[in-house]
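Participant: Attaching a single structure in structure tokens format; questions to follow.
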Amino acid sequence: MQPQEILARTAHRSSAFPKRPWKYYQEWNDALFLHWAVEETKLREFVPSDLEIDLFSGKPWVSVVAFTMNNIRPRYLPPFPPISDFHEINIRTYVTKNNKSGVYFLSIEASKKTSSMVSRLVSRLPYRYAKMKRHDCVYQSGNPGSGDRLTIHYNIGDRVKEKAAIDTWLTERYALYQEAENAMLDFDVHHDEWAVHKLHLSQVDITYPRFQQLLDNTPQITHYSPGVGVVAWSPNSTNRLTGRY
């Protein structure tokens, strides 16, 4: 999919994307979304104080998103598959800053050591390496150093023709916030609206010891999507001590 085609479709967005040139293209494919409503006091321990926790019907949410990253590349360069293609698992929650909604990563893992290192260096996001494999509707990950592990056996159901409000709230996010040293990074992205399918889970084993008070093996909402092409911009950086760009 061509970035200019993606940029031409904006009706599904609630806010404009930046007018400055975009910097990166990537694809988030075969995405599994698992969502939990959580207690705000428990979640607050993991979210920086300069971000407001976003709520749906009075509750914050945490999601595990497991997908395959493809064709990640800078704007004027081709992808390099040994680095640009890898599996990724992120654990995210939903936040706002200056009335702009987005996500905040509690954890982000990549299946290739080099991809993890390059992604961390270029994006300043806290990527870690984890062993992952994916085949025949099974997604597995293990990180012996931290004790983190994930196994999901699943089947894909029919496409959801009319999304509920919570479906849209959980999936249609076009900003990302992440702290880096004394700065808060504000990333903008744009993609087509997620095509959401029902996701049926036959086995779930999610063990992230530091998040055990947030996650269990029974997500309240699940989604599958074939994926989206994504255009991304370099982040804005706000000094956390002065509040200035």
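Letters A, B, ... mark the chains of the structure tokens in the order given; residue numbers begin at 1 per chain; ligand numbers begin at 1, in order shown.
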In range 80-223 of chain A, what's strand (DSSP E or B) per DSSP? Answer as a PyMOL selection string?
Facilitator: chain A and resi 86-97+100-110+127-129+131-135+138-143+148-159+175-180+183-191+197-207+221-223
Participant: Contacts of Gly58 in chain A at 12 Å or less, counting only C-alpha atoms, minus same-chain residues fewer than 6 places along, as an MDAnalysis selection string?
Facilitator: chainID A and resid 37:40
Participant: Each residue of range 51-140 of chain A lying at most 9 Å from range 145-153 of chain A should get a row with its shortest atom-to-atom pair and the distance in Å to one decimal, counting only C-alpha atoms; could you produce that, ordered by chain and increasing number, as a Markdown table?
Facilitator:
```
| residue | atom | partner | partner_atom | distance |
| --- | --- | --- | --- | --- |
| A:Ala130 | CA | A:Asp148 | CA | 8.8 |
| A:Asp136 | CA | A:His153 | CA | 8.7 |
| A:Cys137 | CA | A:His153 | CA | 5.9 |
| A:Val138 | CA | A:His153 | CA | 4.6 |
| A:Tyr139 | CA | A:Ile152 | CA | 5.2 |
| A:Gln140 | CA | A:Thr151 | CA | 4.4 |
```
Participant: How close does each residue of range 95-168 of chain A get to range 13-31 of chain A, giving the shortest atom pair and distance in Å to one decimal for every residue with an atom at most 12 Å away, counting only C-alpha atoms, sorted by chain and residue number, as a tab-separated table?
Facilitator:
```
residue	atom	partner	partner_atom	distance
A:Asn99	CA	A:Ser15	CA	10.9
A:Lys100	CA	A:Ser15	CA	8.7
A:Ser101	CA	A:Ser15	CA	9.7
A:Gly102	CA	A:Ser15	CA	11.6
A:Ser119	CA	A:Tyr24	CA	11.8
A:Val122	CA	A:Tyr24	CA	10.7
A:Ser123	CA	A:Tyr24	CA	10.3
A:Arg134	CA	A:Asp30	CA	10.5
A:His135	CA	A:Asp30	CA	11.4
A:Asp136	CA	A:Asp30	CA	12.0
A:Cys137	CA	A:Asp30	CA	10.0
A:Val138	CA	A:Asp30	CA	11.6
A:Tyr139	CA	A:Ala31	CA	10.6
A:Tyr154	CA	A:Ala31	CA	11.7
A:Asn155	CA	A:Asp30	CA	11.9
A:Ile156	CA	A:Asp30	CA	10.2
A:Thr168	CA	A:Arg13	CA	10.8
```
Participant: For the atom pair CA of Ser111 in chain A and CA of His190 in chain A, what is the interatomic distance in Å to one decimal place?
Facilitator: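 That distance, rounded to one decimal, is 24.1 Å.
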Participant: Excluding Ala164 in chain A and its own-chain neighbours fewer than 5 positions away, which residues fall within 12 Å of it when counting only C-alpha atoms? Please give them as a JSON list (two decimals) with N, CA and C atoms, in the first residue's frame.
Facilitator:
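Once written, around-v3.json looks like this:
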```
[["chain", "number", "residue", "atom", "x", "y", "z"],
["A", 169, "TRP", "N", -12.80, 2.95, 20.45],
["A", 169, "TRP", "CA", -11.99, 3.63, 21.48],
["A", 169, "TRP", "C", -10.68, 2.88, 21.71],
["A", 170, "LEU", "N", -10.72, 1.56, 21.70],
["A", 170, "LEU", "CA", -9.54, 0.76, 21.97],
["A", 170, "LEU", "C", -8.57, 0.66, 20.79],
["A", 171, "THR", "N", -9.07, 0.77, 19.59],
["A", 171, "THR", "CA", -8.21, 0.51, 18.43],
["A", 171, "THR", "C", -7.80, 1.75, 17.66],
["A", 196, "VAL", "N", -11.81, -4.92, 11.80],
["A", 196, "VAL", "CA", -11.82, -5.76, 13.00],
["A", 196, "VAL", "C", -12.65, -7.02, 12.78],
["A", 221, "ILE", "N", -12.31, -8.31, 26.24],
["A", 221, "ILE", "CA", -12.61, -8.02, 24.84],
["A", 221, "ILE", "C", -11.43, -8.48, 24.00],
["A", 223, "HIS", "N", -9.95, -8.78, 19.73],
["A", 223, "HIS", "CA", -10.12, -8.43, 18.32],
["A", 223, "HIS", "C", -9.00, -9.07, 17.50]]
```
Participant: Could you give me, as CSV, every range 14-129 of chain A residue with an atom at most 12 Å from range 204-208 of chain A, plus its closest atom pair and distance in Å to one decimal, counting only C-alpha atoms, rows ordered by chain then number?
Facilitator:
```
residue,atom,partner,partner_atom,distance
A:Leu34,CA,A:Val204,CA,10.2
A:Ser63,CA,A:Ile206,CA,11.7
A:Val64,CA,A:Ile206,CA,9.3
A:Val65,CA,A:Ile206,CA,11.9
A:Ala66,CA,A:Ile206,CA,11.7
A:Ile89,CA,A:Ile206,CA,11.5
A:Asn90,CA,A:Tyr208,CA,11.6
A:Ile91,CA,A:Tyr208,CA,9.9
A:Leu106,CA,A:Tyr208,CA,10.9
A:Ser107,CA,A:Tyr208,CA,9.6
A:Ile108,CA,A:Tyr208,CA,11.9
```
Participant: Once you have the residues from the selection above, write them out as an mmCIF file, in the first residue's frame, restricted to N, CA and C atoms.
Facilitator:
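Written out: selection-v7.cif:
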```
data_model
loop_
_atom_site.group_PDB
_atom_site.id
_atom_site.type_symbol
_atom_site.label_atom_id
_atom_site.label_comp_id
_atom_site.auth_asym_id
_atom_site.auth_seq_id
_atom_site.Cartn_x
_atom_site.Cartn_y
_atom_site.Cartn_z
ATOM 1 N N LEU A 34 -5.917 -8.092 22.786
ATOM 2 C CA LEU A 34 -6.553 -8.615 23.995
ATOM 3 C C LEU A 34 -6.651 -7.465 24.988
ATOM 4 N N SER A 63 -4.090 -3.255 27.184
ATOM 5 C CA SER A 63 -4.200 -4.189 26.067
ATOM 6 C C SER A 63 -2.858 -4.847 25.781
ATOM 7 N N VAL A 64 -2.916 -6.112 25.423
ATOM 8 C CA VAL A 64 -1.784 -6.816 24.826
ATOM 9 C C VAL A 64 -2.054 -6.870 23.327
ATOM 10 N N VAL A 65 -1.104 -6.376 22.552
ATOM 11 C CA VAL A 65 -1.232 -6.375 21.095
ATOM 12 C C VAL A 65 -0.063 -7.163 20.524
ATOM 13 N N ALA A 66 -0.363 -8.277 19.876
ATOM 14 C CA ALA A 66 0.658 -9.148 19.290
ATOM 15 C C ALA A 66 0.442 -9.166 17.780
ATOM 16 N N ILE A 89 5.296 -7.698 20.296
ATOM 17 C CA ILE A 89 4.262 -7.719 21.329
ATOM 18 C C ILE A 89 4.401 -6.440 22.142
ATOM 19 N N ASN A 90 3.321 -5.691 22.247
ATOM 20 C CA ASN A 90 3.365 -4.558 23.167
ATOM 21 C C ASN A 90 2.197 -4.629 24.137
ATOM 22 N N ILE A 91 2.451 -4.134 25.302
ATOM 23 C CA ILE A 91 1.419 -3.970 26.328
ATOM 24 C C ILE A 91 1.219 -2.480 26.484
ATOM 25 N N LEU A 106 3.584 0.072 28.222
ATOM 26 C CA LEU A 106 4.148 -0.476 29.453
ATOM 27 C C LEU A 106 5.285 -1.433 29.135
ATOM 28 N N SER A 107 5.218 -2.065 27.960
ATOM 29 C CA SER A 107 6.237 -3.022 27.528
ATOM 30 C C SER A 107 6.178 -3.105 26.015
ATOM 31 N N ILE A 108 7.351 -3.333 25.396
ATOM 32 C CA ILE A 108 7.394 -3.506 23.953
ATOM 33 C C ILE A 108 8.559 -4.429 23.618
#
```
Participant: With a distance cut-off of 12 Å and only C-alpha atoms, select the neighbouring residues of Ser49 in chain A, excluding the residue or stretch itself and same-chain residues fewer than 3 positions from it, and output the selection as a list in words.
Facilitator: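 Residues near the query, excluding close chain neighbours: Leu43, Arg44, Glu45, Phe46, Glu52, Ile53, Val95, Thr96, Lys97, Gln178, Glu179, Met184 and Arg240 of chain A.
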Participant: Mind dumping the selected residues with all heavy atoms as a JSON list (two decimals), in the first residue's frame?
Facilitator:
```
[["chain", "number", "residue", "atom", "x", "y", "z"],
["A", 43, "LEU", "N", -3.07, 0.84, 37.90],
["A", 43, "LEU", "CA", -2.43, 1.26, 36.65],
["A", 43, "LEU", "C", -1.55, 2.48, 36.85],
["A", 43, "LEU", "O", -0.49, 2.61, 36.21],
["A", 43, "LEU", "CB", -3.51, 1.54, 35.61],
["A", 43, "LEU", "CG", -3.03, 2.02, 34.24],
["A", 43, "LEU", "CD1", -2.11, 1.01, 33.58],
["A", 43, "LEU", "CD2", -4.23, 2.33, 33.34],
["A", 44, "ARG", "N", -1.95, 3.38, 37.74],
["A", 44, "ARG", "CA", -1.24, 4.63, 37.94],
["A", 44, "ARG", "C", 0.23, 4.42, 38.30],
["A", 44, "ARG", "O", 1.09, 5.24, 37.97],
["A", 44, "ARG", "CB", -1.93, 5.43, 39.03],
["A", 44, "ARG", "CG", -1.39, 6.83, 39.29],
["A", 44, "ARG", "CD", -1.90, 7.81, 38.24],
["A", 44, "ARG", "NE", -0.95, 8.06, 37.17],
["A", 44, "ARG", "CZ", -1.18, 8.89, 36.15],
["A", 44, "ARG", "NH1", -2.33, 9.53, 36.04],
["A", 44, "ARG", "NH2", -0.27, 9.07, 35.22],
["A", 45, "GLU", "N", 0.54, 3.29, 38.92],
["A", 45, "GLU", "CA", 1.92, 2.98, 39.30],
["A", 45, "GLU", "C", 2.85, 2.88, 38.10],
["A", 45, "GLU", "O", 4.05, 3.07, 38.22],
["A", 45, "GLU", "CB", 1.97, 1.66, 40.07],
["A", 45, "GLU", "CG", 1.16, 1.62, 41.35],
["A", 45, "GLU", "CD", 1.17, 0.23, 41.98],
["A", 45, "GLU", "OE1", 2.13, -0.53, 41.70],
["A", 45, "GLU", "OE2", 0.23, -0.09, 42.72],
["A", 46, "PHE", "N", 2.27, 2.60, 36.93],
["A", 46, "PHE", "CA", 3.09, 2.36, 35.74],
["A", 46, "PHE", "C", 3.06, 3.49, 34.72],
["A", 46, "PHE", "O", 3.76, 3.42, 33.71],
["A", 46, "PHE", "CB", 2.60, 1.07, 35.05],
["A", 46, "PHE", "CG", 2.66, -0.15, 35.93],
["A", 46, "PHE", "CD1", 1.51, -0.61, 36.56],
["A", 46, "PHE", "CD2", 3.85, -0.81, 36.15],
["A", 46, "PHE", "CE1", 1.55, -1.73, 37.37],
["A", 46, "PHE", "CE2", 3.91, -1.93, 36.96],
["A", 46, "PHE", "CZ", 2.75, -2.39, 37.58],
["A", 52, "GLU", "N", -2.35, 11.83, 31.55],
["A", 52, "GLU", "CA", -3.65, 11.55, 32.16],
["A", 52, "GLU", "C", -4.15, 10.20, 31.66],
["A", 52, "GLU", "O", -4.14, 9.93, 30.46],
["A", 52, "GLU", "CB", -4.64, 12.64, 31.80],
["A", 52, "GLU", "CG", -6.02, 12.46, 32.43],
["A", 52, "GLU", "CD", -6.99, 13.56, 32.05],
["A", 52, "GLU", "OE1", -6.54, 14.57, 31.47],
["A", 52, "GLU", "OE2", -8.20, 13.39, 32.31],
["A", 53, "ILE", "N", -4.56, 9.34, 32.56],
["A", 53, "ILE", "CA", -5.11, 8.04, 32.16],
["A", 53, "ILE", "C", -6.48, 8.26, 31.54],
["A", 53, "ILE", "O", -7.36, 8.89, 32.13],
["A", 53, "ILE", "CB", -5.18, 7.10, 33.37],
["A", 53, "ILE", "CG1", -3.76, 6.76, 33.85],
["A", 53, "ILE", "CG2", -5.92, 5.82, 33.00],
["A", 53, "ILE", "CD1", -3.72, 5.95, 35.13],
["A", 95, "VAL", "N", -4.10, 6.93, 27.19],
["A", 95, "VAL", "CA", -3.79, 8.15, 27.92],
["A", 95, "VAL", "C", -4.16, 9.37, 27.09],
["A", 95, "VAL", "O", -4.44, 9.26, 25.89],
["A", 95, "VAL", "CB", -2.28, 8.21, 28.27],
["A", 95, "VAL", "CG1", -1.88, 7.05, 29.17],
["A", 95, "VAL", "CG2", -1.42, 8.21, 27.00],
["A", 96, "THR", "N", -4.13, 10.53, 27.74],
["A", 96, "THR", "CA", -4.27, 11.79, 27.04],
["A", 96, "THR", "C", -3.22, 12.76, 27.59],
["A", 96, "THR", "O", -2.77, 12.65, 28.73],
["A", 96, "THR", "CB", -5.67, 12.42, 27.22],
["A", 96, "THR", "OG1", -5.90, 12.68, 28.61],
["A", 96, "THR", "CG2", -6.75, 11.49, 26.69],
["A", 97, "LYS", "N", -2.86, 13.70, 26.74],
["A", 97, "LYS", "CA", -1.98, 14.81, 27.15],
["A", 97, "LYS", "C", -2.40, 16.03, 26.36],
["A", 97, "LYS", "O", -2.49, 15.97, 25.13],
["A", 97, "LYS", "CB", -0.51, 14.48, 26.88],
["A", 97, "LYS", "CG", 0.46, 15.57, 27.38],
["A", 97, "LYS", "CD", 1.90, 15.11, 27.23],
["A", 97, "LYS", "CE", 2.88, 16.21, 27.58],
["A", 97, "LYS", "NZ", 2.77, 16.64, 28.98],
["A", 178, "GLN", "N", 5.74, 8.54, 25.16],
["A", 178, "GLN", "CA", 6.73, 7.72, 25.85],
["A", 178, "GLN", "C", 7.79, 8.62, 26.46],
["A", 178, "GLN", "O", 8.26, 9.56, 25.81],
["A", 178, "GLN", "CB", 7.38, 6.73, 24.88],
["A", 178, "GLN", "CG", 8.04, 5.56, 25.56],
["A", 178, "GLN", "CD", 7.01, 4.56, 26.09],
["A", 178, "GLN", "OE1", 5.98, 4.32, 25.46],
["A", 178, "GLN", "NE2", 7.28, 3.97, 27.24],
["A", 179, "GLU", "N", 8.15, 8.35, 27.71],
["A", 179, "GLU", "CA", 9.19, 9.13, 28.33],
["A", 179, "GLU", "C", 10.55, 8.65, 27.86],
["A", 179, "GLU", "O", 10.75, 7.48, 27.56],
["A", 179, "GLU", "CB", 9.09, 9.09, 29.86],
["A", 179, "GLU", "CG", 9.54, 7.76, 30.48],
["A", 179, "GLU", "CD", 8.39, 6.79, 30.65],
["A", 179, "GLU", "OE1", 7.61, 6.63, 29.68],
["A", 179, "GLU", "OE2", 8.29, 6.18, 31.72],
["A", 184, "MET", "N", 9.37, 13.97, 27.35],
["A", 184, "MET", "CA", 8.20, 13.19, 27.00],
["A", 184, "MET", "C", 8.06, 13.27, 25.48],
["A", 184, "MET", "O", 7.95, 14.36, 24.92],
["A", 184, "MET", "CB", 6.94, 13.73, 27.67],
["A", 184, "MET", "CG", 5.67, 12.97, 27.29],
["A", 184, "MET", "SD", 5.68, 11.22, 27.77],
["A", 184, "MET", "CE", 5.58, 11.37, 29.56],
["A", 240, "ARG", "N", 10.47, 17.57, 30.35],
["A", 240, "ARG", "CA", 9.58, 17.26, 31.48],
["A", 240, "ARG", "C", 9.83, 18.17, 32.66],
["A", 240, "ARG", "O", 9.01, 18.25, 33.58],
["A", 240, "ARG", "CB", 9.74, 15.80, 31.87],
["A", 240, "ARG", "CG", 9.41, 14.84, 30.74],
["A", 240, "ARG", "CD", 9.58, 13.42, 31.13],
["A", 240, "ARG", "NE", 8.48, 12.97, 31.98],
["A", 240, "ARG", "CZ", 8.48, 11.81, 32.63],
["A", 240, "ARG", "NH1", 9.51, 11.00, 32.53],
["A", 240, "ARG", "NH2", 7.44, 11.45, 33.37]]
```
Participant: Determine, counting only C-alpha atoms, which protein, DNA and RNA residues have an atom within 9 Å of an atom of Leu7 in chain A; residues of the same chain fewer than 5 positions away are not included. Present the result as JSON, numbers by chain.
Facilitator: {"A": [2, 190, 191, 192, 231]}
Participant: Compare A:Ala175, A:Ala180, A:Met1, A:Ala8 by their minimum atom-to-atom distance to Pro48 in chain A, counting only C-alpha atoms, and give me the closest one.
Facilitator: A:Ala180
Participant: Can you tell me, as an MDAnalysis selection string, which residues in range 36-244 of chain A count as helix (DSSP H, G or I) by DSSP?
Facilitator: chainID A and resid 40:44 81:84 113:123 165:171 209:211
Participant: Quick one, how far is CA of Thr93 in chain A from CA of Ala183 in chain A?
Facilitator: 19.2 Å
